[in-house]
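Structure below is entry38.csv: CSV, C-alpha atoms.
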```csv
chain,number,residue,atom,x,y,z
A,1,MET,CA,160.5,95.8,-40.3
A,2,ILE,CA,159.3,93.0,-38.0
A,3,ILE,CA,156.3,95.1,-37.1
A,4,PHE,CA,155.3,95.7,-40.7
A,5,ARG,CA,155.8,92.0,-41.5
A,6,LEU,CA,153.6,91.2,-38.5
A,7,ILE,CA,150.9,93.5,-39.7
A,8,GLY,CA,151.0,92.1,-43.2
A,9,GLU,CA,150.8,88.5,-41.9
A,10,SER,CA,147.9,89.5,-39.6
A,11,PHE,CA,145.9,91.0,-42.4
A,12,ARG,CA,146.6,87.8,-44.5
A,13,PHE,CA,145.4,85.5,-41.6
A,14,ALA,CA,142.3,87.7,-41.1
A,15,PHE,CA,141.5,87.6,-44.8
A,16,ASP,CA,142.0,83.8,-44.8
A,17,ALA,CA,139.7,83.5,-41.8
A,18,LEU,CA,137.1,85.6,-43.6
A,19,ARG,CA,137.4,83.6,-46.8
A,20,GLN,CA,137.4,80.2,-45.2
A,21,ASN,CA,134.7,80.9,-42.6
A,22,LYS,CA,132.6,83.6,-44.3
A,23,LEU,CA,129.4,83.1,-42.3
A,24,ARG,CA,131.0,82.8,-38.9
A,25,THR,CA,133.2,85.8,-39.4
A,26,MET,CA,130.5,88.0,-40.9
A,27,LEU,CA,128.1,87.2,-38.0
A,28,SER,CA,130.8,88.0,-35.5
A,29,LEU,CA,131.6,91.3,-37.3
A,30,LEU,CA,127.9,92.2,-37.5
A,31,ALA,CA,127.8,93.5,-33.9
A,32,ILE,CA,130.9,95.7,-34.5
A,33,THR,CA,129.4,97.0,-37.7
A,34,ILE,CA,126.1,97.9,-36.1
A,35,GLY,CA,127.8,99.5,-33.1
A,36,ILE,CA,130.1,101.7,-35.2
A,37,PHE,CA,127.2,102.5,-37.5
A,38,THR,CA,125.0,103.6,-34.6
A,39,ILE,CA,127.6,105.7,-32.8
A,40,ILE,CA,129.0,107.4,-36.0
A,41,ALA,CA,125.5,107.9,-37.5
A,42,VAL,CA,124.3,109.7,-34.3
A,43,PHE,CA,127.5,111.8,-34.1
A,44,SER,CA,127.5,112.7,-37.7
A,45,ALA,CA,123.8,113.7,-37.6
A,46,VAL,CA,124.4,115.7,-34.4
A,47,ASP,CA,127.5,117.4,-35.8
A,48,THR,CA,125.6,118.4,-39.0
A,49,PHE,CA,122.5,119.5,-37.1
A,50,ARG,CA,124.5,121.4,-34.6
A,51,GLY,CA,126.7,123.1,-37.2
A,52,LYS,CA,123.6,124.4,-39.0
A,53,LEU,CA,122.0,125.6,-35.8
A,54,GLN,CA,125.3,127.2,-34.7
A,55,ALA,CA,125.5,129.0,-38.1
A,56,SER,CA,122.1,130.4,-37.5
A,57,VAL,CA,123.0,131.5,-34.0
A,58,ASP,CA,126.3,133.1,-35.2
A,59,LYS,CA,124.2,135.1,-37.7
A,60,LEU,CA,122.7,136.8,-34.7
A,61,GLY,CA,126.1,137.9,-33.6
A,62,SER,CA,128.4,136.3,-31.1
A,63,ASN,CA,129.2,139.7,-29.5
A,64,THR,CA,125.6,141.0,-29.7
A,65,ILE,CA,123.2,141.6,-26.8
A,66,TYR,CA,119.4,142.1,-27.2
A,67,ILE,CA,117.7,144.3,-24.6
A,68,GLN,CA,114.1,142.9,-24.4
A,69,LYS,CA,111.2,142.6,-22.1
A,70,TRP,CA,111.2,138.8,-21.9
A,71,PRO,CA,114.3,136.8,-21.1
A,72,TRP,CA,115.2,133.8,-23.3
A,73,SER,CA,114.5,130.6,-21.6
A,74,PHE,CA,114.1,126.9,-22.6
A,75,GLY,CA,112.9,125.4,-19.4
A,76,ASN,CA,109.5,124.1,-18.5
A,77,ASN,CA,109.1,126.4,-15.5
A,78,TYR,CA,109.1,129.8,-17.1
A,79,PRO,CA,108.0,132.4,-14.5
A,80,TRP,CA,106.1,134.6,-17.0
A,81,TRP,CA,104.2,136.3,-14.3
A,82,LYS,CA,107.4,138.0,-13.1
A,83,TYR,CA,108.0,139.6,-16.5
A,84,MET,CA,104.5,140.5,-17.9
A,85,ASN,CA,104.4,143.9,-16.2
A,86,ARG,CA,107.8,144.9,-17.3
A,87,PRO,CA,108.0,148.0,-19.6
A,88,GLN,CA,108.9,147.5,-23.3
A,89,PRO,CA,112.3,148.9,-24.4
A,90,SER,CA,111.6,152.4,-25.7
A,91,LEU,CA,113.1,155.0,-28.0
A,92,ARG,CA,113.9,157.0,-24.9
A,93,ASP,CA,115.9,154.1,-23.5
A,94,PHE,CA,117.7,153.8,-26.9
A,95,GLU,CA,118.7,157.4,-27.1
A,96,ALA,CA,119.9,157.5,-23.5
A,97,LEU,CA,121.9,154.3,-24.0
A,98,ARG,CA,123.4,155.5,-27.3
A,99,GLU,CA,124.7,158.6,-25.7
A,100,ARG,CA,126.3,156.9,-22.7
A,101,ILE,CA,127.6,153.6,-23.9
A,102,GLU,CA,131.3,153.3,-24.6
A,103,ASN,CA,132.0,149.7,-25.5
A,104,ALA,CA,129.6,149.3,-28.5
A,105,GLN,CA,130.2,149.7,-32.2
A,106,GLY,CA,126.5,149.9,-32.9
A,107,VAL,CA,123.2,150.4,-31.1
A,108,THR,CA,119.8,150.1,-32.7
A,109,PHE,CA,116.1,150.3,-31.8
A,110,GLU,CA,114.1,147.7,-33.8
A,111,ILE,CA,110.5,146.6,-34.3
A,112,SER,CA,109.0,144.1,-36.7
A,113,THR,CA,105.6,143.2,-38.1
A,114,ASN,CA,104.8,140.0,-40.0
A,115,ASP,CA,102.3,138.7,-42.6
A,116,ARG,CA,102.2,141.9,-44.6
A,117,THR,CA,101.5,142.2,-48.3
A,118,ILE,CA,103.8,144.1,-50.6
A,119,LYS,CA,102.7,145.3,-54.1
A,120,TYR,CA,104.3,146.6,-57.3
A,121,ARG,CA,101.8,147.4,-60.1
A,122,SER,CA,99.9,144.1,-60.6
A,123,ASN,CA,102.5,141.9,-58.8
A,124,SER,CA,102.2,141.2,-55.0
A,125,VAL,CA,104.0,139.1,-52.5
A,126,GLU,CA,102.3,138.0,-49.2
A,127,GLY,CA,103.7,136.9,-45.9
A,128,ILE,CA,106.4,139.6,-45.7
A,129,SER,CA,108.1,140.7,-42.5
A,130,VAL,CA,108.6,144.5,-42.2
A,131,TRP,CA,111.5,145.5,-40.0
A,132,ALA,CA,112.0,149.1,-38.9
A,133,ALA,CA,115.3,150.1,-37.3
A,134,THR,CA,117.4,153.0,-36.5
A,135,HIS,CA,120.5,153.9,-38.6
A,136,ASP,CA,123.0,151.5,-37.0
A,137,PHE,CA,121.2,148.4,-38.2
A,138,ASN,CA,124.0,147.7,-40.6
A,139,LYS,CA,126.4,147.6,-37.6
A,140,THR,CA,124.3,145.2,-35.4
A,141,TRP,CA,123.2,142.7,-38.1
A,142,ASN,CA,125.3,140.6,-40.5
A,143,PHE,CA,124.2,141.1,-44.0
A,144,GLU,CA,125.4,142.0,-47.5
A,145,LEU,CA,123.7,143.9,-50.4
A,146,GLN,CA,123.6,142.3,-53.8
A,147,ASP,CA,122.3,145.6,-55.4
A,148,GLY,CA,121.9,149.2,-54.4
A,149,ARG,CA,123.0,150.8,-51.1
A,150,TYR,CA,122.1,151.1,-47.4
A,151,PHE,CA,120.2,154.1,-46.0
A,152,THR,CA,121.9,157.4,-45.7
A,153,GLU,CA,122.0,159.0,-42.2
A,154,ASN,CA,119.6,161.8,-43.4
A,155,GLU,CA,117.2,159.2,-44.7
A,156,SER,CA,117.2,157.4,-41.4
A,157,LYS,CA,116.8,160.6,-39.3
A,158,ASN,CA,114.2,162.3,-41.5
A,159,GLY,CA,112.1,159.1,-42.0
A,160,SER,CA,112.4,159.1,-45.8
A,161,PRO,CA,110.0,156.7,-47.6
A,162,VAL,CA,112.8,154.3,-48.7
A,163,CYS,CA,113.3,150.6,-48.2
A,164,ILE,CA,115.6,147.6,-48.7
A,165,LEU,CA,114.1,144.4,-50.0
A,166,GLY,CA,115.0,140.8,-49.4
A,167,SER,CA,116.0,138.8,-52.4
A,168,ASP,CA,112.9,136.7,-52.5
A,169,VAL,CA,110.7,139.8,-52.3
A,170,ALA,CA,112.6,141.4,-55.1
A,171,ASP,CA,112.3,138.3,-57.3
A,172,GLY,CA,108.6,138.0,-56.6
A,173,LEU,CA,107.8,141.6,-57.4
A,174,PHE,CA,110.1,142.4,-60.4
A,175,ASP,CA,110.5,139.0,-62.2
A,176,GLY,CA,114.3,139.5,-62.6
A,177,ASP,CA,114.2,143.2,-63.4
A,178,ARG,CA,116.3,145.6,-61.3
A,179,ALA,CA,114.5,146.6,-58.2
A,180,VAL,CA,116.5,149.7,-57.2
A,181,GLY,CA,114.8,152.9,-58.0
A,182,LYS,CA,111.3,151.4,-58.3
A,183,GLN,CA,108.4,152.3,-56.0
A,184,ILE,CA,106.5,149.6,-54.1
A,185,GLN,CA,103.5,149.8,-51.8
A,186,ILE,CA,103.4,148.4,-48.3
A,187,LEU,CA,101.6,149.4,-45.1
A,188,GLY,CA,99.4,151.7,-47.2
A,189,ARG,CA,102.4,153.8,-48.2
A,190,ARG,CA,104.6,154.1,-51.3
A,191,LEU,CA,108.4,153.6,-50.8
A,192,THR,CA,111.4,153.8,-53.1
A,193,VAL,CA,113.7,150.7,-53.2
A,194,VAL,CA,117.3,151.7,-52.5
A,195,GLY,CA,118.8,148.3,-52.0
A,196,VAL,CA,118.4,144.5,-52.2
A,197,PHE,CA,119.8,142.1,-49.6
A,198,LYS,CA,122.0,139.3,-50.8
A,199,LYS,CA,120.2,135.9,-50.8
A,200,GLU,CA,120.9,134.0,-47.6
A,201,GLY,CA,118.6,131.0,-47.7
A,202,GLU,CA,116.5,129.6,-44.9
A,203,ASP,CA,118.4,128.4,-41.9
A,204,MET,CA,117.5,126.1,-38.9
A,205,LEU,CA,116.2,129.0,-36.8
A,206,GLY,CA,114.3,130.7,-39.6
A,207,VAL,CA,116.6,133.7,-39.4
A,208,SER,CA,116.8,135.2,-42.9
A,209,LEU,CA,116.4,138.6,-44.6
A,210,ASP,CA,115.2,137.0,-47.9
A,211,LYS,CA,111.5,137.8,-47.1
A,212,ASN,CA,112.1,141.0,-45.3
A,213,VAL,CA,111.5,144.7,-46.1
A,214,ASN,CA,113.6,147.1,-44.0
A,215,ILE,CA,112.5,150.7,-43.4
A,216,PRO,CA,113.8,153.5,-41.2
A,217,ILE,CA,112.2,153.6,-37.7
A,218,ALA,CA,111.5,157.4,-38.1
A,219,PHE,CA,109.3,156.5,-41.1
A,220,ALA,CA,107.6,153.7,-39.2
A,221,LYS,CA,106.7,156.1,-36.4
A,222,GLY,CA,104.1,157.8,-38.7
A,223,ILE,CA,102.2,154.6,-39.5
A,224,LEU,CA,102.8,152.2,-36.6
A,225,ASP,CA,102.7,152.3,-32.8
A,226,ILE,CA,106.3,151.4,-32.4
A,227,GLN,CA,106.0,151.0,-28.6
A,228,SER,CA,103.2,148.4,-28.9
A,229,GLU,CA,104.2,144.9,-27.6
A,230,ARG,CA,102.7,143.3,-30.8
A,231,TYR,CA,105.7,144.7,-32.8
A,232,GLY,CA,108.3,143.3,-30.4
A,233,PRO,CA,110.4,146.4,-29.7
A,234,GLN,CA,114.0,145.7,-28.8
A,235,ILE,CA,117.4,147.4,-28.5
A,236,THR,CA,120.3,145.6,-30.1
A,237,VAL,CA,123.8,146.3,-29.0
A,238,ARG,CA,126.9,144.9,-30.7
A,239,GLY,CA,130.1,145.3,-28.6
A,240,ASN,CA,133.5,146.4,-29.9
A,241,ASP,CA,135.6,143.6,-31.3
A,242,ASN,CA,138.4,144.2,-28.7
A,243,VAL,CA,135.9,144.0,-25.8
A,244,SER,CA,134.6,140.8,-24.2
A,245,LEU,CA,130.9,140.1,-24.2
A,246,GLU,CA,130.9,140.0,-20.4
A,247,GLU,CA,132.3,143.6,-20.2
A,248,VAL,CA,129.6,144.8,-22.7
A,249,GLU,CA,126.9,143.1,-20.7
A,250,SER,CA,128.2,144.5,-17.4
A,251,GLU,CA,128.2,148.0,-18.8
A,252,LEU,CA,124.7,147.6,-20.3
A,253,LYS,CA,123.3,146.4,-17.0
A,254,GLY,CA,124.6,149.4,-15.2
A,255,LEU,CA,123.4,151.9,-17.8
A,256,MET,CA,119.9,150.4,-18.1
A,257,ARG,CA,119.5,150.3,-14.3
A,258,SER,CA,120.5,154.0,-14.2
A,259,ILE,CA,118.2,154.9,-17.1
A,260,HIS,CA,115.3,153.1,-15.5
A,261,ARG,CA,116.2,154.4,-12.0
A,262,ILE,CA,116.3,151.0,-10.4
A,263,LYS,CA,117.4,151.2,-6.8
A,264,PRO,CA,120.3,149.0,-5.5
A,265,GLY,CA,119.1,145.5,-4.5
A,266,HIS,CA,116.0,145.7,-6.7
A,267,GLU,CA,115.6,143.3,-9.6
A,268,GLU,CA,116.0,144.5,-13.2
A,269,ASP,CA,112.9,145.2,-15.3
A,270,PHE,CA,114.6,144.3,-18.5
A,271,ALA,CA,116.3,141.2,-20.0
A,272,LEU,CA,119.8,141.1,-21.6
A,273,ASN,CA,119.6,138.2,-24.0
A,274,LYS,CA,122.7,136.9,-25.9
A,275,THR,CA,123.4,134.0,-28.2
A,276,THR,CA,125.5,132.1,-25.6
A,277,ILE,CA,122.2,131.3,-23.9
A,278,ILE,CA,121.1,129.4,-27.1
A,279,SER,CA,124.6,127.9,-27.6
A,280,ASN,CA,124.7,126.6,-24.0
A,281,GLN,CA,121.2,125.1,-24.4
A,282,LEU,CA,122.3,123.4,-27.6
A,283,ASP,CA,125.4,122.0,-25.9
A,284,SER,CA,123.2,120.4,-23.2
A,285,MET,CA,120.8,119.0,-25.7
A,286,PHE,CA,123.4,117.5,-28.0
A,287,LYS,CA,125.4,116.2,-25.0
A,288,MET,CA,122.4,114.0,-24.1
A,289,VAL,CA,121.9,112.8,-27.7
A,290,ASN,CA,125.6,111.9,-27.8
A,291,ILE,CA,125.3,109.9,-24.5
A,292,ALA,CA,122.3,108.1,-26.0
A,293,GLY,CA,124.4,107.2,-29.1
A,294,TRP,CA,127.2,105.9,-26.9
A,295,VAL,CA,124.8,103.8,-24.8
A,296,ILE,CA,123.0,102.3,-27.8
A,297,GLY,CA,126.1,101.7,-29.9
A,298,GLY,CA,128.1,100.6,-26.8
A,299,PHE,CA,125.9,97.5,-26.2
A,300,SER,CA,126.5,96.4,-29.9
A,301,ILE,CA,130.2,97.0,-29.6
A,302,LEU,CA,130.3,95.1,-26.3
A,303,VAL,CA,128.6,92.1,-28.0
A,304,GLY,CA,130.9,92.5,-31.0
A,305,GLY,CA,134.0,92.5,-28.7
A,306,PHE,CA,132.9,89.1,-27.2
A,307,SER,CA,132.3,87.8,-30.7
A,308,ILE,CA,135.8,88.9,-31.9
A,309,ALA,CA,137.3,87.3,-28.8
A,310,ASN,CA,135.5,84.0,-29.6
A,311,ILE,CA,136.8,84.1,-33.2
A,312,MET,CA,140.3,84.6,-31.9
A,313,PHE,CA,140.1,81.7,-29.5
A,314,VAL,CA,138.9,79.5,-32.3
A,315,SER,CA,141.7,80.8,-34.5
A,316,VAL,CA,144.2,80.0,-31.8
A,317,LYS,CA,142.8,76.5,-31.5
A,318,GLU,CA,142.9,75.9,-35.2
A,319,ARG,CA,146.5,77.1,-35.6
A,320,THR,CA,148.0,75.6,-32.4
A,321,ASN,CA,150.2,73.3,-34.5
A,322,ILE,CA,151.5,76.3,-36.6
A,323,ILE,CA,152.2,78.2,-33.4
A,324,GLY,CA,154.3,75.3,-32.1
A,325,ILE,CA,156.3,75.2,-35.3
A,326,GLN,CA,156.9,79.0,-35.2
A,327,LYS,CA,158.1,78.8,-31.6
A,328,SER,CA,160.3,75.8,-32.3
A,329,LEU,CA,161.9,77.9,-35.1
A,330,GLY,CA,162.7,80.7,-32.7
A,331,ALA,CA,159.6,82.9,-32.7
A,332,LYS,CA,159.4,85.0,-29.5
A,333,ASN,CA,156.4,85.2,-27.3
A,334,TYR,CA,155.8,88.8,-28.2
A,335,PHE,CA,155.8,87.8,-31.9
A,336,ILE,CA,153.0,85.4,-31.4
A,337,LEU,CA,151.2,87.9,-29.1
A,338,LEU,CA,151.3,90.7,-31.6
A,339,GLN,CA,150.4,88.5,-34.5
A,340,PHE,CA,147.0,87.6,-33.0
A,341,ILE,CA,146.4,91.1,-31.6
A,342,PHE,CA,147.0,92.5,-35.1
A,343,GLU,CA,144.7,89.9,-36.5
A,344,SER,CA,141.9,90.9,-34.0
A,345,ILE,CA,142.4,94.6,-34.8
A,346,SER,CA,142.3,93.8,-38.5
A,347,LEU,CA,138.9,92.1,-38.1
A,348,CYS,CA,137.5,95.0,-36.0
A,349,ILE,CA,138.7,97.6,-38.5
A,350,LEU,CA,137.0,95.6,-41.2
A,351,GLY,CA,133.7,95.7,-39.2
A,352,GLY,CA,134.3,99.4,-38.5
A,353,LEU,CA,134.8,100.3,-42.1
A,354,LEU,CA,131.6,98.4,-43.0
A,355,GLY,CA,129.8,100.5,-40.4
A,356,LEU,CA,131.3,103.8,-41.8
A,357,LEU,CA,130.2,102.7,-45.3
A,358,LEU,CA,126.7,102.2,-44.1
A,359,VAL,CA,126.7,105.7,-42.5
A,360,PHE,CA,128.0,107.2,-45.8
A,361,LEU,CA,125.3,105.4,-47.8
A,362,LEU,CA,122.6,106.5,-45.3
A,363,ALA,CA,123.8,110.1,-45.6
A,364,LEU,CA,123.5,109.9,-49.4
A,365,VAL,CA,120.0,108.5,-49.2
A,366,ILE,CA,118.8,111.1,-46.7
A,367,GLY,CA,120.5,113.9,-48.7
A,368,ALA,CA,118.8,112.7,-51.9
A,369,ALA,CA,115.3,112.4,-50.3
A,370,THR,CA,115.5,115.7,-48.3
A,371,ASP,CA,117.4,118.9,-48.1
A,372,PHE,CA,119.2,117.8,-45.0
A,373,HIS,CA,122.7,116.7,-45.9
A,374,ILE,CA,124.5,114.7,-43.2
A,375,ILE,CA,128.3,115.2,-43.3
A,376,LEU,CA,130.5,112.3,-42.4
A,377,GLY,CA,133.5,114.3,-41.2
A,378,LEU,CA,137.1,113.1,-40.8
A,379,ASN,CA,136.8,113.4,-37.0
A,380,ASN,CA,134.0,110.8,-37.0
A,381,ILE,CA,135.8,108.6,-39.5
A,382,ALA,CA,138.9,108.7,-37.2
A,383,LEU,CA,136.7,108.0,-34.2
A,384,GLY,CA,135.1,105.0,-35.8
A,385,ILE,CA,138.5,103.5,-36.8
A,386,GLY,CA,139.9,104.4,-33.3
A,387,ILE,CA,137.0,102.6,-31.5
A,388,SER,CA,137.6,99.6,-33.8
A,389,ILE,CA,141.3,99.5,-32.9
A,390,ILE,CA,140.6,99.7,-29.2
A,391,ILE,CA,138.0,97.0,-29.3
A,392,GLY,CA,140.3,94.8,-31.4
A,393,THR,CA,143.1,95.3,-28.9
A,394,ILE,CA,141.0,94.5,-25.9
A,395,SER,CA,139.2,91.5,-27.5
A,396,GLY,CA,142.3,90.0,-29.0
A,397,PHE,CA,144.6,90.3,-26.0
A,398,TRP,CA,143.6,87.3,-23.9
A,399,PRO,CA,143.5,84.8,-26.9
A,400,ALA,CA,146.8,86.3,-28.1
A,401,TYR,CA,148.3,86.0,-24.7
A,402,SER,CA,147.2,82.4,-24.3
A,403,ALA,CA,148.7,81.6,-27.7
A,404,SER,CA,152.0,83.2,-26.8
A,405,ARG,CA,152.3,81.0,-23.6
A,406,LEU,CA,151.8,77.7,-25.4
A,407,ASP,CA,154.6,75.1,-25.0
A,408,PRO,CA,156.1,74.5,-28.5
A,409,VAL,CA,156.4,70.7,-28.0
A,410,GLU,CA,152.8,70.3,-26.8
A,411,ALA,CA,151.5,72.7,-29.5
A,412,ILE,CA,153.2,70.6,-32.3
A,413,ARG,CA,151.7,67.4,-30.9
A,414,SER,CA,148.2,68.7,-30.7
```
Written as structure tokens, that's how I'd like the structure from this file.
Amino acid sequence: MIIFRLIGESFRFAFDALRQNKLRTMLSLLAITIGIFTIIAVFSAVDTFRGKLQASVDKLGSNTIYIQKWPWSFGNNYPWWKYMNRPQPSLRDFEALRERIENAQGVTFEISTNDRTIKYRSNSVEGISVWAATHDFNKTWNFELQDGRYFTENESKNGSPVCILGSDVADGLFDGDRAVGKQIQILGRRLTVVGVFKKEGEDMLGVSLDKNVNIPIAFAKGILDIQSERYGPQITVRGNDNVSLEEVESELKGLMRSIHRIKPGHEEDFALNKTTIISNQLDSMFKMVNIAGWVIGGFSILVGGFSIANIMFVSVKERTNIIGIQKSLGAKNYFILLQFIFESISLCILGGLLGLLLVFLLALVIGAATDFHIILGLNNIALGIGISIIIGTISGFWPAYSASRLDPVEAIRS
């Protein structure tokens, strides 16, 4: 009960200090407010941005490996000359891999071509991406259908003229009418629509099926050179759920070296790309941004800590007589100590709450002006309040300690 009474009195003293010395207190709290605002604004923006990017990465599949010619890299010194003479992944590689691999739930050979035009009667949609893949595309890619069905195995093997449309393509061609069963024209051929992908929306990496048209790879063989580098041929492998990504990668490396007949000790002529490469790069990038936020906000909080300590020394000086009376009536040293520490914490929490309020208002403004909605999460709110409590404790300790050591007789006489 004493602790609760101390906290209540400390809040009352802090409120009285704010009311009686508004300008002095607000100027002292300004640095704390700016520091908390800077740190939490950076962390909230990073968490939101990272969450959106990670959602885009997860769409590619956390247990998925892409066999490609070029390895994914984000550094400045990319040794492109080492990879330019590598062979493209081929249908032969895909077929040999599909027969031998054990730890995969799906293996597909895929190509894509961009900036195509699709037509239906007098309607047309430009800038379409055409993806051609083998039958297991539904096992190596995360998607849902809002209408229709996926390709049958016979349609995939026989190269039937069928396709699945993205939702934006279907809306642009059919103006709200049902797309399934209608014939569209693309790549100089007529295809029958058998399904429509569920709308996904554009993500941070631009990974979306909304503006895609998917066709069987066996059908694409008759109109495109599927081994051409311009179409980006790749083999996508999704591992079994009960098998780790490292096991799948190890098995793939051994099988591909065997298929390409690479001698022991020689370097691979293929790249095994996975989403953890992107995730690790994101971790490094955002770690640097977080450090910058701590450095920038830390200087403001440091200044704010000295300001709060100055307020508390002034408060001790102004209430020396009251401290003497309290101690003469039996107040213990720890009672005086905690009273001033709680008052310092109260002032810092007030500054921290103002900083969090500014972050919330900034998030509302940015969300209203753009499509980027910053989320002020509970973890960042708790972090802001936690920093305020720590700074309040550190800044208020020495003034509180000096107050608790005052001689009651000398204090009353002052």
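Restricting the calculation to all atoms listed in the file, the smallest distance between Asn21 in chain A and any of A:Val314, A:Ala55, A:Leu376, A:Ala363 is found for A:Val314.
Counting all atoms listed in the file and comparing A:Ala31, A:Phe49, A:Ala369, A:Thr140, the residue that lies closest to Asp283 in chain A is A:Phe49.
With distances taken over all atoms listed in the file, A:Gly222 is the one residue among A:Gly222, A:Gly106, A:Pro79, A:Gly298 lying closest to Ala132 in chain A.
If all atoms listed in the file are the atoms counted, then among A:Lys287, A:Leu30, A:Glu249, A:Gly330 the closest residue to Ser300 in chain A is A:Leu30.
The two atoms in question, CA of Arg50 in chain A and CA of Phe286 in chain A, are spaced 7.7 Å apart.
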For a quick check of understanding, using all atoms listed in the file, which of A:Leu406, A:Val237, A:Ala368, A:Ile385 has the smallest distance to Leu354 in chain A? A:Ile385
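All residues of protein, DNA or RNA that reach within 9 Å of Lys182 in chain A, judged by all atoms listed in the file and not counting those fewer than 4 positions away in the chain, are Tyr120, Arg178, Leu191, Thr192, Val193 and Val194 of chain A.
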Please provide the set of residues having any atom within 12 Å of Ile235 in chain A, restricted to all atoms listed in the file, with same-chain residues fewer than 5 positions apart removed, written as a PDB file with C-alpha atoms, in the coordinates of the input.
```
ATOM      1  CA  THR A  64     125.600 141.000 -29.700  1.00  0.00           C
ATOM      2  CA  ILE A  65     123.200 141.600 -26.800  1.00  0.00           C
ATOM      3  CA  TYR A  66     119.400 142.100 -27.200  1.00  0.00           C
ATOM      4  CA  ILE A  67     117.700 144.300 -24.600  1.00  0.00           C
ATOM      5  CA  GLN A  68     114.100 142.900 -24.400  1.00  0.00           C
ATOM      6  CA  LYS A  69     111.200 142.600 -22.100  1.00  0.00           C
ATOM      7  CA  GLN A  88     108.900 147.500 -23.300  1.00  0.00           C
ATOM      8  CA  PRO A  89     112.300 148.900 -24.400  1.00  0.00           C
ATOM      9  CA  SER A  90     111.600 152.400 -25.700  1.00  0.00           C
ATOM     10  CA  LEU A  91     113.100 155.000 -28.000  1.00  0.00           C
ATOM     11  CA  ARG A  92     113.900 157.000 -24.900  1.00  0.00           C
ATOM     12  CA  ASP A  93     115.900 154.100 -23.500  1.00  0.00           C
ATOM     13  CA  PHE A  94     117.700 153.800 -26.900  1.00  0.00           C
ATOM     14  CA  GLU A  95     118.700 157.400 -27.100  1.00  0.00           C
ATOM     15  CA  ALA A  96     119.900 157.500 -23.500  1.00  0.00           C
ATOM     16  CA  LEU A  97     121.900 154.300 -24.000  1.00  0.00           C
ATOM     17  CA  ARG A  98     123.400 155.500 -27.300  1.00  0.00           C
ATOM     18  CA  GLY A 106     126.500 149.900 -32.900  1.00  0.00           C
ATOM     19  CA  VAL A 107     123.200 150.400 -31.100  1.00  0.00           C
ATOM     20  CA  THR A 108     119.800 150.100 -32.700  1.00  0.00           C
ATOM     21  CA  PHE A 109     116.100 150.300 -31.800  1.00  0.00           C
ATOM     22  CA  GLU A 110     114.100 147.700 -33.800  1.00  0.00           C
ATOM     23  CA  ILE A 111     110.500 146.600 -34.300  1.00  0.00           C
ATOM     24  CA  ALA A 132     112.000 149.100 -38.900  1.00  0.00           C
ATOM     25  CA  ALA A 133     115.300 150.100 -37.300  1.00  0.00           C
ATOM     26  CA  THR A 134     117.400 153.000 -36.500  1.00  0.00           C
ATOM     27  CA  ASP A 136     123.000 151.500 -37.000  1.00  0.00           C
ATOM     28  CA  PHE A 137     121.200 148.400 -38.200  1.00  0.00           C
ATOM     29  CA  THR A 140     124.300 145.200 -35.400  1.00  0.00           C
ATOM     30  CA  GLN A 227     106.000 151.000 -28.600  1.00  0.00           C
ATOM     31  CA  LEU A 252     124.700 147.600 -20.300  1.00  0.00           C
ATOM     32  CA  MET A 256     119.900 150.400 -18.100  1.00  0.00           C
ATOM     33  CA  PHE A 270     114.600 144.300 -18.500  1.00  0.00           C
ATOM     34  CA  ALA A 271     116.300 141.200 -20.000  1.00  0.00           C
ATOM     35  CA  LEU A 272     119.800 141.100 -21.600  1.00  0.00           C
ATOM     36  CA  ASN A 273     119.600 138.200 -24.000  1.00  0.00           C
TER      37      ASN A 273
END
```
Could you tell me which of A:Phe340, A:Phe372, A:Phe143, A:Tyr83 comes closest to Met312 in chain A if we count only C-alpha atoms? A:Phe340
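As for CA of Glu229 in chain A and CA of Tyr150 in chain A, they are spaced 27.4 Å apart.
For the atom pair formed by CA of Glu318 in chain A and CA of Ile36 in chain A, the distance is 28.8 Å, given to one decimal.
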Excluding Arg5 in chain A and residues on its chain fewer than 6 positions from it, collect all residues at most 12 Å away from it, counting only C-alpha atoms, and give them as a PyMOL selection string. chain A and resi 11-12+335+338-339+342
Quick one: write out the picked residues with C-alpha atoms as a PDB file, keeping the file's coordinate frame?
```pdb
ATOM      1  CA  PHE A  11     145.900  91.000 -42.400  1.00  0.00           C
ATOM      2  CA  ARG A  12     146.600  87.800 -44.500  1.00  0.00           C
ATOM      3  CA  PHE A 335     155.800  87.800 -31.900  1.00  0.00           C
ATOM      4  CA  LEU A 338     151.300  90.700 -31.600  1.00  0.00           C
ATOM      5  CA  GLN A 339     150.400  88.500 -34.500  1.00  0.00           C
ATOM      6  CA  PHE A 342     147.000  92.500 -35.100  1.00  0.00           C
TER       7      PHE A 342
END
```
